[in-house]
>>> print(open('final-v3.cif').read())   # mmCIF, C-alpha atoms and all ligand atoms
data_input
#
loop_
_atom_site.label_atom_id
_atom_site.label_comp_id
_atom_site.auth_asym_id
_atom_site.auth_seq_id
_atom_site.Cartn_x
_atom_site.Cartn_y
_atom_site.Cartn_z
CA MET A 1 -12.95 11.60 -44.03
CA SER A 2 -11.96 11.44 -40.41
CA PRO A 3 -11.46 7.98 -38.91
CA PRO A 4 -14.07 6.57 -36.54
CA HIS A 5 -13.61 7.42 -32.91
CA SER A 6 -12.34 4.01 -31.85
CA GLN A 7 -9.44 4.22 -34.33
CA THR A 8 -8.53 7.67 -33.13
CA ALA A 9 -8.42 6.42 -29.55
CA GLY A 10 -6.41 3.38 -30.64
CA ALA A 11 -3.78 5.50 -32.36
CA ASP A 12 -3.53 7.65 -29.23
CA VAL A 13 -3.01 4.62 -27.00
CA ALA A 14 -0.21 3.25 -29.18
CA ALA A 15 1.50 6.65 -29.28
CA ASN A 16 1.09 7.11 -25.52
CA LEU A 17 2.62 3.69 -24.85
CA ALA A 18 5.60 4.49 -27.06
CA ARG A 19 6.09 7.86 -25.38
CA ILE A 20 5.93 6.40 -21.86
CA GLN A 21 8.36 3.61 -22.80
CA ALA A 22 10.74 6.27 -24.15
CA ARG A 23 10.45 8.38 -20.98
CA THR A 24 10.95 5.27 -18.84
CA ALA A 25 14.09 4.34 -20.79
CA LEU A 26 15.47 7.85 -20.42
CA ALA A 27 14.84 7.84 -16.66
CA ALA A 28 16.48 4.40 -16.38
CA ARG A 29 19.58 5.37 -18.34
CA GLY A 30 19.88 8.51 -16.21
CA VAL A 31 20.64 6.29 -13.22
CA GLU A 32 22.51 3.67 -15.26
CA ARG A 33 19.73 1.12 -15.13
CA ASP A 34 18.78 -1.20 -17.96
CA PRO A 35 15.41 -0.04 -19.38
CA ALA A 36 14.61 -3.67 -20.19
CA ALA A 37 14.46 -4.37 -16.45
CA ILE A 38 11.36 -2.19 -16.08
CA THR A 39 7.85 -3.38 -16.94
CA LEU A 40 5.23 -0.85 -17.90
CA ILE A 41 1.92 -2.07 -16.49
CA ALA A 42 -0.90 -0.40 -18.41
CA VAL A 43 -3.67 0.17 -15.86
CA SER A 44 -6.85 -0.53 -17.80
CA LYS A 45 -9.44 -0.28 -15.00
CA THR A 46 -12.70 1.34 -16.16
CA GLN A 47 -11.28 1.99 -19.64
CA PRO A 48 -13.41 1.24 -22.71
CA ALA A 49 -12.70 -2.10 -24.35
CA GLU A 50 -11.48 -0.53 -27.60
CA ARG A 51 -8.64 1.26 -25.82
CA VAL A 52 -7.51 -1.96 -24.18
CA ALA A 53 -7.76 -3.73 -27.54
CA ALA A 54 -5.64 -0.96 -29.08
CA ALA A 55 -2.89 -1.51 -26.51
CA LEU A 56 -2.93 -5.25 -27.18
CA ALA A 57 -2.89 -4.67 -30.95
CA ALA A 58 0.13 -2.38 -30.45
CA GLY A 59 1.94 -5.32 -28.85
CA HIS A 60 1.54 -4.36 -25.20
CA ARG A 61 1.02 -7.30 -22.84
CA ALA A 62 1.20 -6.20 -19.16
CA PHE A 63 -2.03 -4.85 -17.69
CA GLY A 64 -3.29 -3.82 -14.28
CA GLU A 65 -6.84 -4.06 -12.97
CA ASN A 66 -8.07 -3.00 -9.54
CA ARG A 67 -11.30 -5.00 -9.29
CA VAL A 68 -11.60 -8.75 -9.58
CA GLN A 69 -15.18 -8.62 -10.85
CA GLU A 70 -14.47 -6.06 -13.57
CA ALA A 71 -11.43 -8.04 -14.73
CA GLN A 72 -13.49 -11.25 -14.82
CA GLY A 73 -15.95 -9.50 -17.10
CA LYS A 74 -13.47 -8.18 -19.62
CA TRP A 75 -10.33 -10.32 -19.69
CA PRO A 76 -11.38 -13.88 -20.58
CA ALA A 77 -12.45 -12.72 -24.09
CA LEU A 78 -9.26 -10.68 -24.56
CA ARG A 79 -7.12 -13.52 -23.25
CA ALA A 80 -8.65 -15.90 -25.79
CA VAL A 81 -7.10 -13.71 -28.49
CA TYR A 82 -3.94 -12.72 -26.57
CA PRO A 83 -3.05 -15.68 -24.33
CA ASP A 84 0.30 -14.09 -23.46
CA ALA A 85 -1.29 -11.05 -21.79
CA VAL A 86 -0.06 -10.73 -18.20
CA LEU A 87 -2.62 -9.52 -15.66
CA HIS A 88 -1.72 -7.78 -12.42
CA LEU A 89 -4.23 -7.22 -9.62
CA ILE A 90 -3.42 -3.80 -8.17
CA GLY A 91 -6.54 -3.15 -6.09
CA PRO A 92 -7.63 -4.45 -2.69
CA LEU A 93 -8.44 -8.15 -2.55
CA GLN A 94 -11.26 -9.42 -0.33
CA THR A 95 -10.91 -12.97 0.88
CA ASN A 96 -14.21 -13.98 -0.75
CA LYS A 97 -12.66 -13.09 -4.14
CA VAL A 98 -9.43 -15.01 -3.62
CA LYS A 99 -10.51 -18.04 -5.63
CA ALA A 100 -11.45 -15.92 -8.64
CA ALA A 101 -8.31 -13.79 -8.31
CA VAL A 102 -5.98 -16.79 -8.21
CA ALA A 103 -7.74 -18.25 -11.25
CA LEU A 104 -7.50 -15.04 -13.31
CA PHE A 105 -4.44 -13.03 -12.31
CA ASP A 106 -0.77 -13.75 -13.00
CA VAL A 107 0.43 -11.35 -10.34
CA ILE A 108 -1.26 -10.19 -7.12
CA GLN A 109 0.25 -6.91 -5.99
CA THR A 110 -1.90 -6.22 -2.94
CA LEU A 111 -1.02 -8.86 -0.37
CA ASP A 112 -1.51 -6.77 2.75
CA ARG A 113 -2.76 -8.77 5.75
CA PRO A 114 -2.46 -12.16 7.45
CA LYS A 115 -6.02 -13.27 6.72
CA LEU A 116 -5.45 -12.70 2.99
CA ALA A 117 -2.08 -14.47 3.13
CA HIS A 118 -3.72 -17.56 4.65
CA ALA A 119 -6.56 -17.50 2.10
CA LEU A 120 -4.12 -17.16 -0.82
CA ALA A 121 -1.96 -20.00 0.46
CA ALA A 122 -5.01 -22.27 0.81
CA GLU A 123 -6.33 -21.42 -2.65
CA MET A 124 -2.91 -21.89 -4.27
CA ALA A 125 -2.65 -25.31 -2.68
CA THR A 126 -6.11 -26.27 -3.92
CA SER A 127 -5.83 -24.88 -7.45
CA GLY A 128 -2.16 -25.50 -8.11
CA ARG A 129 -1.91 -21.97 -9.56
CA ARG A 130 0.72 -19.76 -7.95
CA PRO A 131 0.47 -16.12 -9.06
CA SER A 132 3.48 -14.07 -7.97
CA CYS A 133 2.73 -11.80 -5.02
CA PHE A 134 3.85 -8.34 -4.00
CA VAL A 135 3.41 -7.20 -0.42
CA GLU A 136 1.75 -3.79 -0.34
CA VAL A 137 3.45 -1.47 2.13
CA ASN A 138 1.67 1.52 3.67
CA VAL A 139 4.77 3.70 3.26
CA GLY A 140 3.03 6.88 4.41
CA GLU A 141 1.62 5.13 7.49
CA GLU A 142 -1.82 6.49 6.60
CA ALA A 143 -4.61 5.37 8.92
CA GLN A 144 -7.19 4.56 6.23
CA LYS A 145 -4.81 3.05 3.68
CA ALA A 146 -4.25 -0.58 2.80
CA GLY A 147 -0.81 -2.07 3.23
CA VAL A 148 1.49 -3.40 5.88
CA LEU A 149 3.21 -0.81 8.06
CA PRO A 150 6.99 -0.68 7.53
CA ALA A 151 7.55 -1.76 11.13
CA GLU A 152 5.32 -4.82 10.65
CA LEU A 153 6.93 -5.93 7.41
CA PRO A 154 9.53 -8.35 8.85
CA GLN A 155 6.90 -10.32 10.74
CA PHE A 156 4.46 -10.30 7.82
CA LEU A 157 7.14 -11.50 5.39
CA SER A 158 8.11 -14.30 7.70
CA LEU A 159 4.47 -15.42 7.78
CA CYS A 160 4.11 -15.20 3.98
CA GLN A 161 7.45 -16.69 3.01
CA GLY A 162 8.44 -18.85 5.94
CA GLU A 163 5.18 -20.25 7.21
CA LEU A 164 2.94 -20.14 4.11
CA ASP A 165 5.51 -20.46 1.32
CA LEU A 166 3.78 -17.81 -0.79
CA PRO A 167 5.63 -16.75 -3.96
CA VAL A 168 6.49 -13.23 -2.75
CA VAL A 169 8.63 -11.47 -5.36
CA GLY A 170 8.57 -7.85 -4.27
CA LEU A 171 7.00 -4.84 -2.62
CA MET A 172 4.37 -2.40 -3.86
CA CYS A 173 3.31 1.03 -2.62
CA ILE A 174 0.94 3.91 -3.27
CA PRO A 175 2.46 7.01 -1.64
CA PRO A 176 0.20 9.53 0.13
CA GLN A 177 -1.49 12.02 -2.17
CA GLY A 178 -0.20 15.56 -2.01
CA GLU A 179 3.25 14.62 -0.77
CA PRO A 180 6.43 14.34 -2.82
CA PRO A 181 6.58 10.62 -3.68
CA ALA A 182 10.36 10.25 -3.86
CA PRO A 183 11.02 9.67 -0.12
CA HIS A 184 8.31 6.99 -0.13
CA PHE A 185 9.81 5.29 -3.18
CA ALA A 186 13.22 5.41 -1.53
CA LEU A 187 11.80 3.81 1.62
CA LEU A 188 10.18 1.00 -0.37
CA ALA A 189 13.48 0.37 -2.19
CA LYS A 190 15.35 0.24 1.11
CA LEU A 191 12.86 -2.25 2.56
CA ALA A 192 13.10 -4.46 -0.54
CA THR A 193 16.89 -4.51 -0.35
CA ARG A 194 16.80 -5.31 3.34
CA HIS A 195 14.50 -8.28 2.72
CA ARG A 196 16.24 -9.41 -0.46
CA LEU A 197 13.17 -8.90 -2.62
CA ALA A 198 14.04 -8.22 -6.25
CA GLN A 199 10.93 -6.43 -7.47
CA LEU A 200 9.49 -3.02 -6.74
CA SER A 201 6.09 -1.89 -8.04
CA MET A 202 5.88 1.88 -7.69
CA GLY A 203 5.13 4.94 -9.79
CA MET A 204 1.96 6.02 -11.61
CA SER A 205 1.17 8.52 -14.39
CA ALA A 206 2.36 11.56 -12.44
CA ASP A 207 5.55 10.16 -10.97
CA PHE A 208 6.77 7.05 -12.80
CA GLU A 209 10.08 8.65 -13.79
CA ASP A 210 10.91 9.36 -10.12
CA ALA A 211 10.01 5.76 -9.32
CA VAL A 212 12.29 4.42 -12.06
CA ALA A 213 15.15 6.58 -10.81
CA LEU A 214 14.66 5.05 -7.35
CA GLY A 215 14.56 1.44 -8.51
CA ALA A 216 11.06 0.56 -9.72
CA THR A 217 10.98 -2.71 -11.68
CA SER A 218 7.36 -2.10 -12.64
CA VAL A 219 5.42 1.13 -12.99
CA ARG A 220 1.61 1.21 -13.02
CA VAL A 221 0.42 3.81 -15.50
CA GLY A 222 -3.24 4.39 -16.32
CA THR A 223 -4.35 7.81 -17.49
CA ALA A 224 -1.10 8.62 -19.30
CA VAL A 225 -1.65 5.50 -21.43
CA PHE A 226 -5.41 5.41 -21.92
CA GLY A 227 -6.62 8.93 -21.14
CA GLU A 228 -8.95 10.00 -18.36
CA ARG A 229 -11.05 7.30 -16.75
CA ALA A 230 -14.82 7.53 -16.74
CA PRO A 231 -15.89 8.64 -13.23
C1 LIG A 301 -5.46 3.50 -10.87
C2 LIG A 301 -4.16 3.04 -10.30
C3 LIG A 301 -2.94 3.34 -10.94
C4 LIG A 301 -2.84 4.20 -12.19
O1 LIG A 301 -3.07 5.54 -11.88
P1 LIG A 301 -2.83 6.69 -12.97
O2 LIG A 301 -2.65 7.91 -12.17
O3 LIG A 301 -4.06 6.72 -13.82
O4 LIG A 301 -1.62 6.34 -13.76
C5 LIG A 301 -1.79 2.83 -10.38
N1 LIG A 301 -1.80 2.06 -9.26
C6 LIG A 301 -2.95 1.77 -8.63
C7 LIG A 301 -2.90 0.94 -7.40
C8 LIG A 301 -4.16 2.24 -9.11
O5 LIG A 301 -5.29 1.94 -8.47
#
>>> encode(input="final-v3.cif", output="structure tokens")
Amino acid sequence: MSPPHSQTAGADVAANLARIQARTALAARGVERDPAAITLIAVSKTQPAERVAAALAAGHRAFGENRVQEAQGKWPALRAVYPDAVLHLIGPLQTNKVKAAVALFDVIQTLDRPKLAHALAAEMATSGRRPSCFVEVNVGEEAQKAGVLPAELPQFLSLCQGELDLPVVGLMCIPPQGEPPAPHFALLAKLATRHRLAQLSMGMSADFEDAVALGATSVRVGTAVFGERAP
């Protein structure tokens, strides 16, 4: 008898996680980096609950969500069972969702404008919770894309770190579609070094090995872990 569908999906998720960890380790060793220094963030946005449960059951703990409201709906129940799960917000954050985001997420990867920086600082002061922040950089300087322009990064960091005392730990980017990502990853790494930021969130399903070779400390992988997302 064939196993029910949810078990099949669960076995796939565990195998995918193991395979991606192995590929990440190989890419790290290729540039003499310690694979343990790289966190695989499993991007669970829009994925069915049983696939997320399968990843947790397989021992995985770092997850990425791109919408505050969706994460609020699914994570409190999962967190009750797995209190050590670590949640990263990887999608745009509106200021009216800051309170909920600070309450729910351990890491906010999309700090990208002064208004949001001020709102986060105020909410952190009120709540006493201080999720680590990444500044999102618009490495491709795309007009419609979120993120701070590379040229504006020094001033933005001095606002976030100097004036507002936000816990900024690193930089994050989403390179332009249809371009080789490596030059964008290299730029993000250069900016992080220049500003003495230790962490780099870059690389997705299609390009995480390139990102690891160029210094990523976390990669955000969705479809390669969980399969295609529902449209
Ligand atoms: C969805 C998403 C990912 C994961 O993309 P995949 O191609 O499915 O691996 C990574 N980062 C961000 C910001 C995303 O929104």
>>> residues_around(input="final-v3.cif", residues="A:Leu104", least_positions_apart="4", cutoff="12 Å", atoms="all atoms listed in the file", output="PyMOL selection string")
chain A and resi 65+67-76+79+83+85-89+97-100+108+127+129-131
>>> residues_near_ligand(input="final-v3.cif", ligand="ligand LIG 301 (chain A)", cutoff="8 Å", atoms="all atoms listed in the file", output="number ranges by chain")
A: 42-43, 45, 64-66, 90-91, 173-174, 202-206, 219-225, 228-229
>>> closest_residue(input="final-v3.cif", among="A:Val102, A:Pro154, A:Asp207, A:Leu159", to="A:Lys115", atoms="only C-alpha atoms")
A:Leu159
>>> atom_distance(input="final-v3.cif", atom1="atom CA of A:Val107", atom2="atom CA of A:Ile41")
11.2 Å
>>> closest_residue(input="final-v3.cif", among="A:Ala186, A:Val31, A:Val52, A:Ala103", to="A:Leu17", atoms="all atoms listed in the file")
A:Val52
>>> atom_distance(input="final-v3.cif", atom1="atom CA of A:Leu111", atom2="atom CA of A:Leu164")
12.8 Å
>>> atom_distance(input="final-v3.cif", atom1="atom CA of A:Ala117", atom2="atom CA of A:Leu166")
7.8 Å
>>> closest_residue(input="final-v3.cif", among="A:Met124, A:Gly170, A:Gln177, A:Arg19", to="A:Ser201", atoms="all atoms listed in the file")
A:Gly170
>>> axis_aligned_box(input="final-v3.cif", around="stretch 99-117 of chain A", padding_each_side="5 Å", output="JSON")
{"center_x": -5.5, "center_y": -12.2, "center_z": -2.9, "size_x": 21.9, "size_y": 22.0, "size_z": 30.8}
>>> closest_residue(input="final-v3.cif", among="A:Ala119, A:Ala37, A:Ala80, A:Met172", to="A:Leu197", atoms="only C-alpha atoms")
A:Met172
>>> closest_residue(input="final-v3.cif", among="A:Phe226, A:Pro183, A:Ser158, A:Arg194", to="A:Ser44", atoms="all atoms listed in the file")
A:Phe226
>>> closest_residue(input="final-v3.cif", among="A:Ala9, A:Val137, A:Ala53, A:Leu214", to="A:Phe156", atoms="all atoms listed in the file")
A:Val137
>>> residues_around(input="final-v3.cif", residues="A:Ala58", least_positions_apart="2", cutoff="12 Å", atoms="only C-alpha atoms", output="VMD selection string")
chain A and resid 10 to 18 51 to 56 60 to 62 82
